[in-house]
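Asks: Here you go, this is structure22.txt (compact mmCIF, C-alpha atoms).
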# COMPACT_ATOMS: atom_id res chain seq x y z
CA MET Y 17 18.49 -4.18 -28.55
CA LYS Y 18 19.86 -6.92 -26.31
CA LEU Y 19 17.93 -5.55 -23.36
CA ARG Y 20 14.73 -5.47 -25.36
CA PHE Y 21 15.22 -9.04 -26.48
CA ALA Y 22 15.98 -10.14 -22.93
CA LEU Y 23 12.82 -8.44 -21.69
CA ILE Y 24 10.76 -10.15 -24.35
CA VAL Y 25 12.25 -13.48 -23.29
CA LEU Y 26 11.51 -12.80 -19.63
CA ALA Y 27 7.98 -11.74 -20.40
CA CYS Y 28 7.27 -14.69 -22.60
CA VAL Y 29 9.15 -17.67 -21.41
CA PHE Y 30 6.59 -18.63 -18.82
CA ALA Y 31 3.60 -17.25 -20.66
CA THR Y 32 0.69 -19.64 -20.80
CA PRO Y 33 -1.48 -19.09 -23.84
CA ALA Y 34 -5.16 -19.95 -23.64
CA ALA Y 35 -5.85 -23.62 -23.12
CA ALA Y 36 -7.35 -25.60 -25.98
CA LYS Y 37 -9.89 -28.36 -25.68
CA LYS Y 38 -8.77 -31.96 -25.65
CA TYR Y 39 -10.69 -34.67 -27.44
CA GLY Y 40 -10.21 -38.34 -26.53
CA LYS Y 41 -6.61 -39.47 -26.74
CA GLN Y 42 -5.53 -36.60 -28.93
CA VAL Y 43 -2.19 -34.92 -28.34
CA ARG Y 44 -1.70 -31.57 -30.03
CA PHE Y 45 1.32 -30.69 -32.13
CA ALA Y 46 2.24 -27.67 -34.22
CA GLY Y 47 4.87 -27.65 -36.94
CA ILE Y 48 6.90 -30.53 -38.29
CA HIS Y 49 8.23 -33.09 -35.84
CA PRO Y 50 9.61 -36.62 -35.63
CA VAL Y 51 7.22 -39.54 -35.64
CA PRO Y 52 7.99 -42.12 -32.93
CA LYS Y 53 9.55 -45.32 -34.25
CA GLY Y 54 6.59 -47.28 -32.99
CA GLU Y 55 4.36 -45.19 -35.23
CA GLY Y 56 6.52 -45.64 -38.30
CA GLY Y 57 9.33 -43.15 -37.68
CA GLY Y 58 10.45 -40.33 -39.96
CA ILE Y 59 9.00 -36.85 -39.97
CA CYS Y 60 5.42 -35.62 -39.75
CA HIS Y 61 5.16 -32.84 -42.36
CA ILE Y 62 1.96 -31.18 -41.14
CA GLU Y 63 2.86 -27.59 -40.45
CA ALA Y 64 -0.44 -26.35 -39.04
CA PRO Y 65 -1.62 -27.30 -35.56
CA HIS Y 66 -2.73 -30.92 -35.67
CA VAL Y 67 -3.30 -33.97 -33.50
CA HIS Y 68 -1.83 -37.44 -33.08
CA ILE Y 69 -2.57 -40.30 -30.76
CA TYR Y 70 0.92 -40.44 -29.33
CA ALA Y 71 2.80 -38.36 -26.83
CA ALA Y 72 5.65 -35.89 -27.26
CA ASN Y 73 8.74 -36.14 -25.10
CA LYS Y 74 9.67 -33.29 -22.79
CA LEU Y 75 13.24 -32.79 -24.00
CA GLU Y 76 12.60 -32.07 -27.66
CA TYR Y 77 9.34 -30.16 -27.38
CA ARG Y 78 8.10 -26.94 -25.87
CA THR Y 79 4.45 -26.40 -25.12
CA TYR Y 80 2.81 -23.43 -26.78
CA ALA Y 81 -0.94 -22.86 -26.70
CA ASP Y 82 -1.33 -26.51 -25.71
CA ASN Y 83 0.58 -27.52 -28.83
CA ASN Y 84 3.78 -29.52 -28.65
CA VAL Y 85 6.32 -27.66 -30.78
CA PHE Y 86 9.42 -29.61 -31.83
CA VAL Y 87 12.61 -27.68 -31.10
CA GLY Y 88 15.16 -30.44 -31.68
CA ASP Y 89 17.21 -31.29 -34.76
CA PRO Y 90 14.87 -32.64 -37.45
CA VAL Y 91 17.77 -33.87 -39.61
CA ALA Y 92 18.40 -36.55 -36.99
CA TYR Y 93 15.08 -38.04 -38.06
CA GLY Y 94 15.46 -37.74 -41.81
CA TRP Y 95 14.23 -34.20 -42.47
CA ASP Y 96 15.29 -33.21 -45.99
CA GLY Y 97 13.75 -29.74 -46.16
CA PRO Y 98 15.38 -26.38 -45.45
CA LYS Y 99 17.87 -26.52 -42.62
CA TYR Y 100 20.09 -24.03 -40.84
CA ALA Y 101 23.19 -24.83 -38.81
CA TYR Y 102 23.64 -23.66 -35.24
CA LYS Y 103 26.26 -24.29 -32.62
CA GLY Y 104 25.53 -24.30 -28.94
CA HIS Y 105 22.61 -23.03 -26.92
CA HIS Y 106 20.37 -20.31 -28.25
CA PRO Y 107 16.91 -18.79 -27.83
CA ILE Y 108 14.02 -20.01 -29.95
CA GLN Y 109 11.04 -17.85 -30.79
CA VAL Y 110 8.68 -20.80 -30.44
CA ASN Y 111 5.57 -18.98 -31.61
CA ALA Y 112 7.31 -17.85 -34.78
CA VAL Y 113 8.39 -21.38 -35.58
CA VAL Y 114 4.75 -22.34 -35.96
CA GLY Y 115 3.54 -19.01 -37.31
CA MET Y 116 1.52 -17.94 -34.29
CA PRO Y 117 1.30 -14.38 -33.00
CA GLU Y 118 1.55 -14.59 -29.21
CA PRO Y 119 5.25 -14.28 -28.31
CA TYR Y 120 6.86 -17.24 -26.60
CA VAL Y 121 10.62 -17.57 -26.38
CA HIS Y 122 12.45 -20.56 -24.99
CA PHE Y 123 15.93 -22.02 -25.37
CA CYS Y 124 17.61 -24.81 -27.28
CA TYR Y 125 20.15 -26.64 -25.11
CA ILE Y 126 21.92 -28.73 -27.73
CA ASN Y 127 25.61 -28.24 -26.99
CA GLY Y 128 27.34 -28.92 -30.29
CA PRO Y 129 26.59 -28.29 -33.96
CA HIS Y 130 23.03 -29.04 -34.92
CA TYR Y 131 20.31 -28.05 -37.33
CA HIS Y 132 16.93 -26.42 -37.06
CA TYR Y 133 14.48 -25.80 -39.86
CA TRP Y 134 14.22 -22.11 -39.12
CA GLU Y 135 16.59 -19.18 -39.08
CA PRO Y 136 17.04 -16.94 -36.04
CA PRO Y 137 15.84 -13.36 -36.13
CA GLU Y 138 18.26 -10.95 -37.70
CA GLY Y 139 20.05 -8.83 -35.17
CA PRO Y 140 23.11 -8.66 -32.95
CA GLU Y 141 22.17 -11.66 -30.80
CA PHE Y 142 23.27 -14.11 -33.46
CA LYS Y 143 26.52 -14.18 -35.41
CA VAL Y 144 27.32 -16.41 -38.35
CA SER Y 145 30.71 -18.09 -38.34
CA GLY Y 146 31.77 -21.12 -40.30
CA GLY Y 147 28.31 -21.31 -41.78
CA ALA Y 148 26.61 -21.71 -38.41
CA TYR Y 149 24.67 -19.42 -36.14
CA PHE Y 150 26.19 -18.69 -32.74
CA TYR Y 151 24.15 -16.99 -30.02
CA VAL Y 152 26.14 -14.08 -28.62
CA GLY Y 153 23.36 -12.36 -26.73
CA THR Y 154 22.93 -12.05 -22.98
CA PRO Y 155 20.68 -14.84 -21.81
CA PRO Y 156 18.07 -14.06 -19.16
CA PRO Y 157 18.20 -15.91 -15.82
CA VAL Y 158 15.50 -18.26 -16.99
CA TYR Y 159 17.98 -19.74 -19.46
CA VAL Y 160 20.03 -21.05 -16.53
CA GLU Y 161 16.97 -21.90 -14.46
CA ALA Y 162 15.40 -24.05 -17.16
CA ARG Y 163 18.63 -25.69 -18.24
CA PRO Y 164 18.54 -28.67 -15.84
CA ALA Y 165 15.19 -29.70 -17.27
CA TYR Y 166 16.39 -29.67 -20.89
CA ILE Y 167 20.15 -30.28 -20.90
CA GLY Y 168 19.41 -34.00 -21.12
CA ILE Y 169 18.66 -33.50 -24.79
CA ASN Y 170 22.39 -33.96 -25.44
CA THR Y 171 22.39 -37.44 -24.00
CA TYR Y 172 19.27 -38.09 -26.03
CA TYR Y 173 20.92 -37.09 -29.32
CA GLU Y 174 24.31 -38.64 -28.63
CA PRO Y 175 23.50 -42.12 -29.92
CA ILE Y 176 21.63 -40.91 -32.99
CA VAL Y 177 23.80 -41.41 -36.05
CA TYR Y 178 23.22 -38.73 -38.65
CA THR Y 179 25.16 -36.10 -40.55
CA ARG Y 180 25.56 -33.20 -38.20
CA PRO Y 181 26.87 -29.88 -39.46
CA VAL Y 182 30.63 -29.56 -39.33
CA VAL Y 183 31.59 -26.29 -37.70
CA GLU Y 184 35.31 -25.96 -37.15
CA VAL Y 185 35.90 -22.30 -36.48
CA GLU Y 186 36.76 -20.21 -33.48
CA PRO Y 187 33.48 -19.14 -31.94
CA PRO Y 188 32.70 -15.44 -32.17
CA HIS Y 189 33.30 -13.21 -29.17
CA GLY Y 190 30.47 -13.41 -26.68
CA TRP Y 191 29.28 -16.89 -27.62
CA ILE Y 192 26.97 -18.17 -24.94
CA MET Y 193 28.90 -21.41 -24.48
CA VAL Y 194 31.96 -19.59 -23.15
CA GLY Y 195 30.11 -16.97 -21.15
CA ALA Y 196 29.50 -16.88 -17.44
CA ALA Y 197 25.93 -17.99 -17.95
CA ALA Y 198 27.05 -21.41 -19.06
CA PRO Y 199 29.70 -22.33 -16.51
CA VAL Y 200 29.33 -26.09 -16.67
CA ILE Y 201 28.66 -28.01 -19.79
CA VAL Y 202 28.86 -31.72 -19.37
CA ALA Y 203 30.29 -33.19 -22.51
CA PRO Y 204 29.03 -36.62 -23.44
CA ARG Y 205 31.66 -39.02 -24.67
CA GLY Y 206 32.13 -39.48 -28.37
CA ARG Y 207 31.10 -42.76 -29.90
CA VAL Y 208 31.63 -44.73 -33.02
CA ARG Y 209 28.48 -46.22 -34.45
CA GLY Y 210 27.57 -47.56 -37.79
CA GLY Y 211 30.92 -46.72 -39.27
CA VAL Y 212 30.60 -43.02 -38.64
CA GLY Y 213 33.30 -41.72 -36.36
CA VAL Y 214 32.18 -39.05 -34.00
CA VAL Y 215 35.00 -37.17 -32.36
CA GLY Y 216 33.63 -35.28 -29.45
CA GLY Y 217 35.13 -32.28 -27.78
CA VAL Y 218 36.42 -29.02 -29.08
CA GLY Y 219 38.52 -26.88 -26.82
CA VAL Y 220 37.31 -23.33 -26.76
CA SER Y 221 39.65 -20.75 -25.29
CA ALA Y 222 38.05 -17.50 -24.41
CA GLY Y 223 38.86 -16.92 -20.83
CA VAL Y 224 37.08 -20.01 -19.64
CA HIS Y 225 37.86 -23.42 -21.01
CA VAL Y 226 34.72 -25.33 -21.73
CA GLU Y 227 34.56 -28.80 -23.11
CA VAL Y 228 31.90 -28.53 -25.73
CA PRO Y 229 30.77 -31.72 -27.35
CA ALA Y 230 31.08 -30.72 -30.94
CA PRO Y 231 30.84 -33.88 -32.98
CA THR Y 232 33.05 -33.90 -36.03
CA ILE Y 233 31.74 -36.45 -38.40
CA GLY Y 234 34.07 -38.14 -40.82
CA ILE Y 235 31.55 -38.27 -43.55
CA GLY Y 236 29.49 -35.20 -43.84
CA VAL Y 237 28.82 -31.98 -45.53
CA HIS Y 238 31.24 -29.24 -44.68
CA VAL Y 239 29.31 -26.14 -44.04
CA GLY Y 240 31.10 -23.06 -45.13
CA GLY Y 241 30.04 -19.67 -46.29
CA PRO Y 242 26.36 -18.97 -46.19
CA ALA Y 243 24.36 -19.88 -43.15
CA VAL Y 244 21.59 -21.15 -45.32
CA ILE Y 245 22.73 -24.67 -45.82
CA VAL Y 246 20.19 -26.34 -47.98
CA GLY Y 247 17.11 -25.19 -49.75
CA GLY Y 248 14.23 -27.50 -50.17
CA GLY Y 249 10.51 -27.75 -50.12
CA GLY Y 250 8.86 -24.51 -49.21
CA GLY Y 251 6.39 -23.70 -46.56
CA HIS Y 252 8.67 -23.58 -43.60
CA GLY Y 253 9.04 -20.63 -41.39
CA LYS Y 254 12.06 -18.56 -40.75
CA PHE Y 255 12.91 -15.42 -38.87
CA LYS Y 256 13.75 -12.25 -40.71
CA HIS Y 257 14.06 -8.79 -39.22
CA LYS Y 258 12.58 -10.05 -35.97
CA LYS Y 259 9.50 -11.10 -37.84
CA PHE Y 260 8.54 -14.50 -38.93
CA LYS Y 261 8.07 -15.07 -42.62
CA ARG Y 262 6.42 -17.98 -44.23
CA HIS Y 263 6.96 -18.77 -47.87
CA MET M 24 -16.39 5.88 -69.02
CA ARG M 25 -15.16 2.68 -70.59
CA SER M 26 -11.97 2.73 -68.52
CA TRP M 27 -13.98 3.25 -65.34
CA LEU M 28 -16.01 0.18 -66.22
CA LEU M 29 -12.85 -1.86 -66.73
CA VAL M 30 -11.44 -0.71 -63.38
CA ALA M 31 -14.71 -1.57 -61.65
CA LEU M 32 -14.79 -5.01 -63.24
CA ALA M 33 -11.18 -5.66 -62.27
CA ALA M 34 -11.85 -4.57 -58.68
CA ALA M 35 -14.89 -6.81 -58.49
CA ALA M 36 -12.89 -9.74 -59.79
CA CYS M 37 -10.17 -9.13 -57.20
CA SER M 38 -12.58 -8.86 -54.29
CA LYS M 39 -14.40 -11.98 -55.38
CA SER M 40 -11.20 -13.99 -55.39
CA GLY M 41 -10.64 -13.01 -51.73
CA GLY M 42 -6.88 -12.87 -52.14
CA ASN M 43 -5.58 -16.42 -52.22
CA LYS M 44 -8.18 -17.93 -49.93
CA PRO M 45 -10.93 -20.18 -51.23
CA THR M 46 -14.47 -18.85 -51.24
CA SER M 47 -16.34 -22.05 -51.98
CA ARG M 48 -16.24 -25.80 -51.48
CA ASP M 49 -15.88 -26.25 -55.23
CA GLY M 50 -12.90 -23.92 -55.21
CA VAL M 51 -11.23 -26.02 -52.54
CA ILE M 52 -11.84 -29.25 -54.44
CA GLU M 53 -10.54 -27.68 -57.63
CA ALA M 54 -7.37 -26.59 -55.82
CA TRP M 55 -6.79 -30.16 -54.68
CA LYS M 56 -7.21 -31.49 -58.19
CA LYS M 57 -4.83 -28.89 -59.59
CA GLY M 58 -2.33 -29.90 -56.93
CA GLY M 59 -2.44 -33.52 -58.04
CA LEU M 60 -4.66 -34.87 -55.29
CA ASP M 61 -7.55 -37.23 -55.88
CA PRO M 62 -10.74 -36.03 -54.16
CA SER M 63 -13.89 -38.14 -54.23
CA ALA M 64 -17.36 -36.70 -54.69
CA PHE M 65 -18.32 -34.66 -51.63
CA LYS M 66 -21.78 -35.15 -50.15
CA GLU M 67 -23.71 -32.85 -47.83
CA THR M 68 -23.45 -34.15 -44.32
CA LYS M 69 -24.62 -33.27 -40.83
CA ALA M 70 -21.77 -32.57 -38.48
CA ASP M 71 -21.38 -30.75 -35.19
CA VAL M 72 -18.70 -28.67 -36.82
CA GLY M 73 -20.96 -26.35 -38.84
CA LYS M 74 -24.28 -25.97 -40.60
CA ASP M 75 -23.02 -26.26 -44.16
CA CYS M 76 -20.67 -29.23 -44.34
CA ALA M 77 -19.83 -31.91 -46.88
CA SER M 78 -17.67 -34.98 -46.46
CA GLY M 79 -15.68 -37.14 -48.80
CA THR M 80 -12.18 -38.49 -49.19
CA VAL M 81 -8.95 -37.15 -50.62
CA ASN M 82 -6.31 -39.78 -51.35
CA LYS M 83 -8.17 -42.12 -48.97
CA LEU M 84 -8.12 -39.59 -46.13
CA ASP M 85 -11.46 -38.65 -44.59
CA VAL M 86 -12.16 -34.99 -45.22
CA LEU M 87 -14.86 -32.62 -44.02
CA VAL M 88 -15.33 -29.23 -45.67
CA CYS M 89 -17.57 -26.68 -43.96
CA THR M 90 -18.54 -23.24 -45.19
CA PHE M 91 -19.11 -20.38 -42.77
CA ALA M 92 -20.49 -16.87 -43.03
CA ASN M 93 -17.10 -15.31 -42.36
CA GLU M 94 -13.47 -16.07 -41.59
CA LYS M 95 -13.91 -15.56 -37.86
CA GLU M 96 -16.60 -18.22 -37.60
CA ALA M 97 -14.53 -20.63 -39.63
CA LYS M 98 -11.55 -20.05 -37.36
CA GLN M 99 -13.64 -20.53 -34.24
CA ALA M 100 -14.86 -23.87 -35.55
CA GLU M 101 -11.34 -25.34 -35.84
CA ASP M 102 -11.64 -26.91 -32.40
CA ASN M 103 -14.94 -28.58 -33.28
CA GLY M 104 -13.17 -29.95 -36.33
CA LEU M 105 -10.71 -31.74 -34.07
CA ALA M 106 -13.62 -33.36 -32.25
CA TRP M 107 -14.73 -34.74 -35.65
CA VAL M 108 -11.21 -36.14 -36.15
CA GLY M 109 -11.57 -38.26 -33.02
CA ASP M 110 -8.88 -40.70 -31.97
CA SER M 111 -6.72 -40.51 -35.07
CA THR M 112 -4.12 -38.26 -36.64
CA GLY M 113 -5.79 -35.21 -38.08
CA VAL M 114 -5.86 -31.52 -38.69
CA SER M 115 -8.51 -28.81 -38.70
CA LYS M 116 -7.62 -25.61 -40.51
CA ALA M 117 -9.66 -22.60 -41.57
CA GLN M 118 -8.84 -21.13 -44.96
CA GLY M 119 -10.89 -17.99 -45.32
CA GLU M 120 -14.56 -18.85 -44.83
CA ILE M 121 -13.90 -22.53 -45.38
CA LEU M 122 -12.91 -24.99 -42.68
CA ILE M 123 -11.02 -28.06 -43.86
CA VAL M 124 -10.84 -31.02 -41.50
CA VAL M 125 -8.78 -34.12 -42.30
CA ALA M 126 -8.66 -37.40 -40.39
CA ASP M 127 -6.27 -40.23 -41.18
CA ARG M 128 -8.44 -43.02 -39.81
CA LYS M 129 -6.98 -45.66 -42.13
CA LYS M 130 -3.39 -44.61 -41.42
CA VAL M 131 -2.62 -44.02 -45.08
CA ASP M 132 -0.53 -40.89 -44.57
CA PRO M 133 2.02 -41.67 -41.84
CA ASN M 134 4.30 -38.74 -42.68
CA GLY M 135 1.50 -36.22 -43.05
CA LYS M 136 2.58 -34.98 -46.48
CA THR M 137 -0.84 -35.43 -48.04
CA MET M 138 -2.62 -33.90 -45.07
CA ASN M 139 -0.33 -30.91 -45.29
CA GLN M 140 -1.18 -30.55 -48.99
CA ILE M 141 -4.90 -30.81 -48.31
CA ILE M 142 -4.85 -27.85 -45.95
CA THR M 143 -2.29 -25.73 -47.79
CA LEU M 144 -3.16 -26.17 -51.48
CA PRO M 145 -6.44 -24.20 -51.28
CA ALA M 146 -4.54 -21.20 -49.91
CA LYS M 147 -2.06 -21.08 -52.80
Go ahead and express the file in the form of C-alpha cells.
Replies:
Amino acid sequence: MKLRFALIVLACVFATPAAAKKYGKQVRFAGIHPVPKGEGGGICHIEAPHVHIYAANKLEYRTYADNNVFVGDPVAYGWDGPKYAYKGHHPIQVNAVVGMPEPYVHFCYINGPHYHYWEPPEGPEFKVSGGAYFYVGTPPPVYVEARPAYIGINTYYEPIVYTRPVVEVEPPHGWIMVGAAAPVIVAPRGRVRGGVGVVGGVGVSAGVHVEVPAPTIGIGVHVGGPAVIVGGGGGHGKFKHKKFKRH
Amino acid sequence: MRSWLLVALAAAACSKSGGNKPTSRDGVIEAWKKGGLDPSAFKETKADVGKDCASGTVNKLDVLVCTFANEKEAKQAEDNGLAWVGDSTGVSKAQGEILIVVADRKKVDPNGKTMNQIITLPAK
C-alpha cells in the first residue's frame, strides 16, 4: 500500500495538467483560501475554480491545472468551517482538495500542529494520535527535494496569532518528523504576542532527537479523541477510502 | 396496465429533473430564490460565452446564465465565462446544461460567500 502511494506521489508530484487561458489580470484559484489583507482579509469561500485580481504566494499554495490551491492552515485566517488537526509534514492530494480528477500529490511542510479543512485518505500512511493526524508513510525523494522551497512556510506562520491545535502526545512510530527523511528541522523561536503565550519546541525521542516547533497555546481548544475537530458549514471536501467525497 | 403507466410517469419525472442539476434558466433562478438570494429580472443578452444567454444581478453581483445543448458544451464554455468576468473577482461554473458566470465588479462580496451560493444552490 505504501509503495503504491509512493508511486502515485512520484508520478503526480511534477505532473502539469493542461494549461488554462488567462484573461487580463486574472489569477486563478481553486478552493477556499485567505484573502490578502490589502483586499480585505479573511477567507474567500468560493470552492469552485475562480479568479481574483491578486496574486497567491508560493509558500501556501500549490499550482494545479493553473489554479492556485491553498494548502496552508485556514484557521490562521479566520476559517470557521470544518477543520482537521495534523502534526508535522504530510502529503496532500491537491486535486482531491478541490474535487478534480487528475491526481496531483504534494506535501505540507508545516512543522508543528496545524489545521487543514480536509481529512487525509484512510489508510496506513496516517495515524491518529491525540486527536491529530500524523503521517507515518515513507515519503518519496521529492518530499526532500521540494522541502527547501516550502519549509519557509513555518517562518511565515510563526508570527500569526491564532488558536492552533494542542497536540501533546508521543508521536506514533514511524512519524515522518523523526524519520531519516527529515534529518534537519529548523525550529523557529517561540514568541509571545497579543497575550497568547506560544511555547515552542517539543522534544521527540525516537532514535533521533528533533526539535519540532510545536506551539502550545495557553488559551486554546484541547483536541482529544476524534480527529474530526469541528463540524461546520458543508460543502468542503475530505478524503475517505482514498477517494475524495464532497458533501 | 395502470401500474405500468405510473412507473412510466415516475421515470419520466425523474429523467426530466436530471438528477439535482438545473435544466432551465428559470430553474436556476428559482433555486436562488429558495436559497434566500435576491435575483433581479434576467434579460436576454448577447455574449461571447454562448448563444442563449441572459444577464441580471443576484445580490448586486453581475450574473450571466447561458443554456447549452448538453453538459459537455456548458463545461467547455467555462473558460469563455471567465473572459466575461474580466478584471474582477468571479467564477464560471457549469451545472448540467447551464453555465453560471458571476462577476463581483462592485466588490460587494469580499469573502465570496454569495458567489459560492450562486454556483452551488442550483445543484442542490
Asks: If we count all atoms listed in the file, which residues of chain Y reach to within 8 Å of chain M? Please list them as a CSV table (one decimal) with C-alpha atoms, in the coordinates of the input.
Replies:
chain,number,residue,atom,x,y,z
Y,36,ALA,CA,-7.4,-25.6,-26.0
Y,37,LYS,CA,-9.9,-28.4,-25.7
Y,39,TYR,CA,-10.7,-34.7,-27.4
Y,40,GLY,CA,-10.2,-38.3,-26.5
Y,41,LYS,CA,-6.6,-39.5,-26.7
Y,42,GLN,CA,-5.5,-36.6,-28.9
Y,51,VAL,CA,7.2,-39.5,-35.6
Y,55,GLU,CA,4.4,-45.2,-35.2
Y,56,GLY,CA,6.5,-45.6,-38.3
Y,58,GLY,CA,10.4,-40.3,-40.0
Y,59,ILE,CA,9.0,-36.8,-40.0
Y,60,CYS,CA,5.4,-35.6,-39.8
Y,61,HIS,CA,5.2,-32.8,-42.4
Y,62,ILE,CA,2.0,-31.2,-41.1
Y,63,GLU,CA,2.9,-27.6,-40.4
Y,64,ALA,CA,-0.4,-26.4,-39.0
Y,65,PRO,CA,-1.6,-27.3,-35.6
Y,66,HIS,CA,-2.7,-30.9,-35.7
Y,67,VAL,CA,-3.3,-34.0,-33.5
Y,68,HIS,CA,-1.8,-37.4,-33.1
Y,69,ILE,CA,-2.6,-40.3,-30.8
Asks: For the atom pair CA of Ile52 in chain M and CA of Gly119 in chain M, what is the interatomic distance in Å to one decimal place?
Replies: 14.5 Å
Asks: Can you work out the spacing between CA of Thr79 in chain Y and CA of Cys89 in chain M in Å, to one decimal?
Replies: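 Distance reported for this atom pair: 29.0 Å.
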Asks: Please compute the CA of Ile121 in chain M-CA of Asn111 in chain Y distance, one decimal, in Å.
Replies: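 Interatomic distance, CA of Ile121 in chain M to CA of Asn111 in chain Y: 24.1 Å.
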Asks: Would you mind listing what lies within 9 Å of Gln118 in chain M as a ChimeraX atom specification, with only C-alpha atoms counted and same-chain residues fewer than 6 positions away left out?
Replies: /M:44-46,94,97-98,142-143,145-146
Asks: Take the residues from that selection and put them in a file with C-alpha atoms, as a JSON list (two decimals), in the coordinates of the input.
Replies:
[["chain", "number", "residue", "atom", "x", "y", "z"],
["M", 44, "LYS", "CA", -8.18, -17.93, -49.93],
["M", 45, "PRO", "CA", -10.93, -20.18, -51.23],
["M", 46, "THR", "CA", -14.47, -18.85, -51.24],
["M", 94, "GLU", "CA", -13.47, -16.07, -41.59],
["M", 97, "ALA", "CA", -14.53, -20.63, -39.63],
["M", 98, "LYS", "CA", -11.55, -20.05, -37.36],
["M", 142, "ILE", "CA", -4.85, -27.85, -45.95],
["M", 143, "THR", "CA", -2.29, -25.73, -47.79],
["M", 145, "PRO", "CA", -6.44, -24.20, -51.28],
["M", 146, "ALA", "CA", -4.54, -21.20, -49.91]]
Asks: Mind checking which residues fall within 9 Å of range 54-69 of chain M, counting all atoms listed in the file, ignoring those fewer than 5 positions away in the same chain, and posting them as a list in words?
Replies: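 Once the adjacent positions are removed, what remains is Pro45, Asp49, Lys74, Asp75, Cys76, Ala77, Ser78, Gly79, Thr80, Val81, Asn82, Lys83, Val86, Leu87, Val88, Thr137, Gln140, Ile141, Leu144, Pro145, Ala146 and Lys147 of chain M.
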Asks: Please enclose the listed atoms of range 76-90 of chain M in an axis-aligned box, pad each side by 4 Å, and write out the centre and the three edge lengths in Å, rounded to one decimal, as AutoDock Vina command-line options.
Replies:
--center_x -13.5 --center_y -32.7 --center_z -47.7 --size_x 22.4 --size_y 26.9 --size_z 15.4
Asks: Between Y:His132, Y:Gly146, Y:Tyr125, Y:Pro175, single out the one closest to Val160 in chain Y, counting only C-alpha atoms.
Replies: Y:Tyr125
Asks: Any chance you could build range 94-110 of chain M out to N, CA and C atoms and write it as a short mmCIF file (atom, residue, chain, number, x, y, z; two decimals), in the coordinates of the input?
Replies:
data_model
loop_
_atom_site.label_atom_id
_atom_site.label_comp_id
_atom_site.auth_asym_id
_atom_site.auth_seq_id
_atom_site.Cartn_x
_atom_site.Cartn_y
_atom_site.Cartn_z
N GLU M 94 -14.74 -15.43 -41.98
CA GLU M 94 -13.47 -16.07 -41.59
C GLU M 94 -13.41 -16.34 -40.09
N LYS M 95 -13.96 -15.41 -39.32
CA LYS M 95 -13.91 -15.56 -37.86
C LYS M 95 -14.64 -16.81 -37.40
N GLU M 96 -15.83 -17.03 -37.97
CA GLU M 96 -16.60 -18.22 -37.60
C GLU M 96 -15.88 -19.49 -38.01
N ALA M 97 -15.27 -19.45 -39.16
CA ALA M 97 -14.53 -20.63 -39.63
C ALA M 97 -13.37 -20.94 -38.68
N LYS M 98 -12.68 -19.88 -38.28
CA LYS M 98 -11.55 -20.05 -37.36
C LYS M 98 -12.00 -20.61 -36.02
N GLN M 99 -13.13 -20.08 -35.54
CA GLN M 99 -13.64 -20.53 -34.24
C GLN M 99 -14.06 -21.99 -34.25
N ALA M 100 -14.38 -22.49 -35.44
CA ALA M 100 -14.86 -23.87 -35.55
C ALA M 100 -13.72 -24.90 -35.66
N GLU M 101 -12.47 -24.41 -35.69
CA GLU M 101 -11.34 -25.34 -35.84
C GLU M 101 -11.34 -26.39 -34.74
N ASP M 102 -11.63 -25.96 -33.52
CA ASP M 102 -11.64 -26.91 -32.40
C ASP M 102 -12.70 -27.99 -32.57
N ASN M 103 -13.88 -27.58 -33.04
CA ASN M 103 -14.94 -28.58 -33.28
C ASN M 103 -14.50 -29.56 -34.36
N GLY M 104 -13.70 -29.08 -35.29
CA GLY M 104 -13.17 -29.95 -36.33
C GLY M 104 -12.33 -31.07 -35.73
N LEU M 105 -11.55 -30.73 -34.71
CA LEU M 105 -10.71 -31.74 -34.07
C LEU M 105 -11.56 -32.79 -33.36
N ALA M 106 -12.71 -32.39 -32.87
CA ALA M 106 -13.62 -33.36 -32.25
C ALA M 106 -14.10 -34.36 -33.32
N TRP M 107 -14.31 -33.87 -34.54
CA TRP M 107 -14.73 -34.74 -35.65
C TRP M 107 -13.60 -35.72 -36.00
N VAL M 108 -12.37 -35.28 -35.86
CA VAL M 108 -11.21 -36.14 -36.15
C VAL M 108 -11.21 -37.36 -35.24
N GLY M 109 -11.54 -37.14 -33.97
CA GLY M 109 -11.57 -38.26 -33.02
C GLY M 109 -10.20 -38.81 -32.72
N ASP M 110 -10.14 -40.08 -32.38
CA ASP M 110 -8.88 -40.70 -31.97
C ASP M 110 -8.06 -41.14 -33.18
#
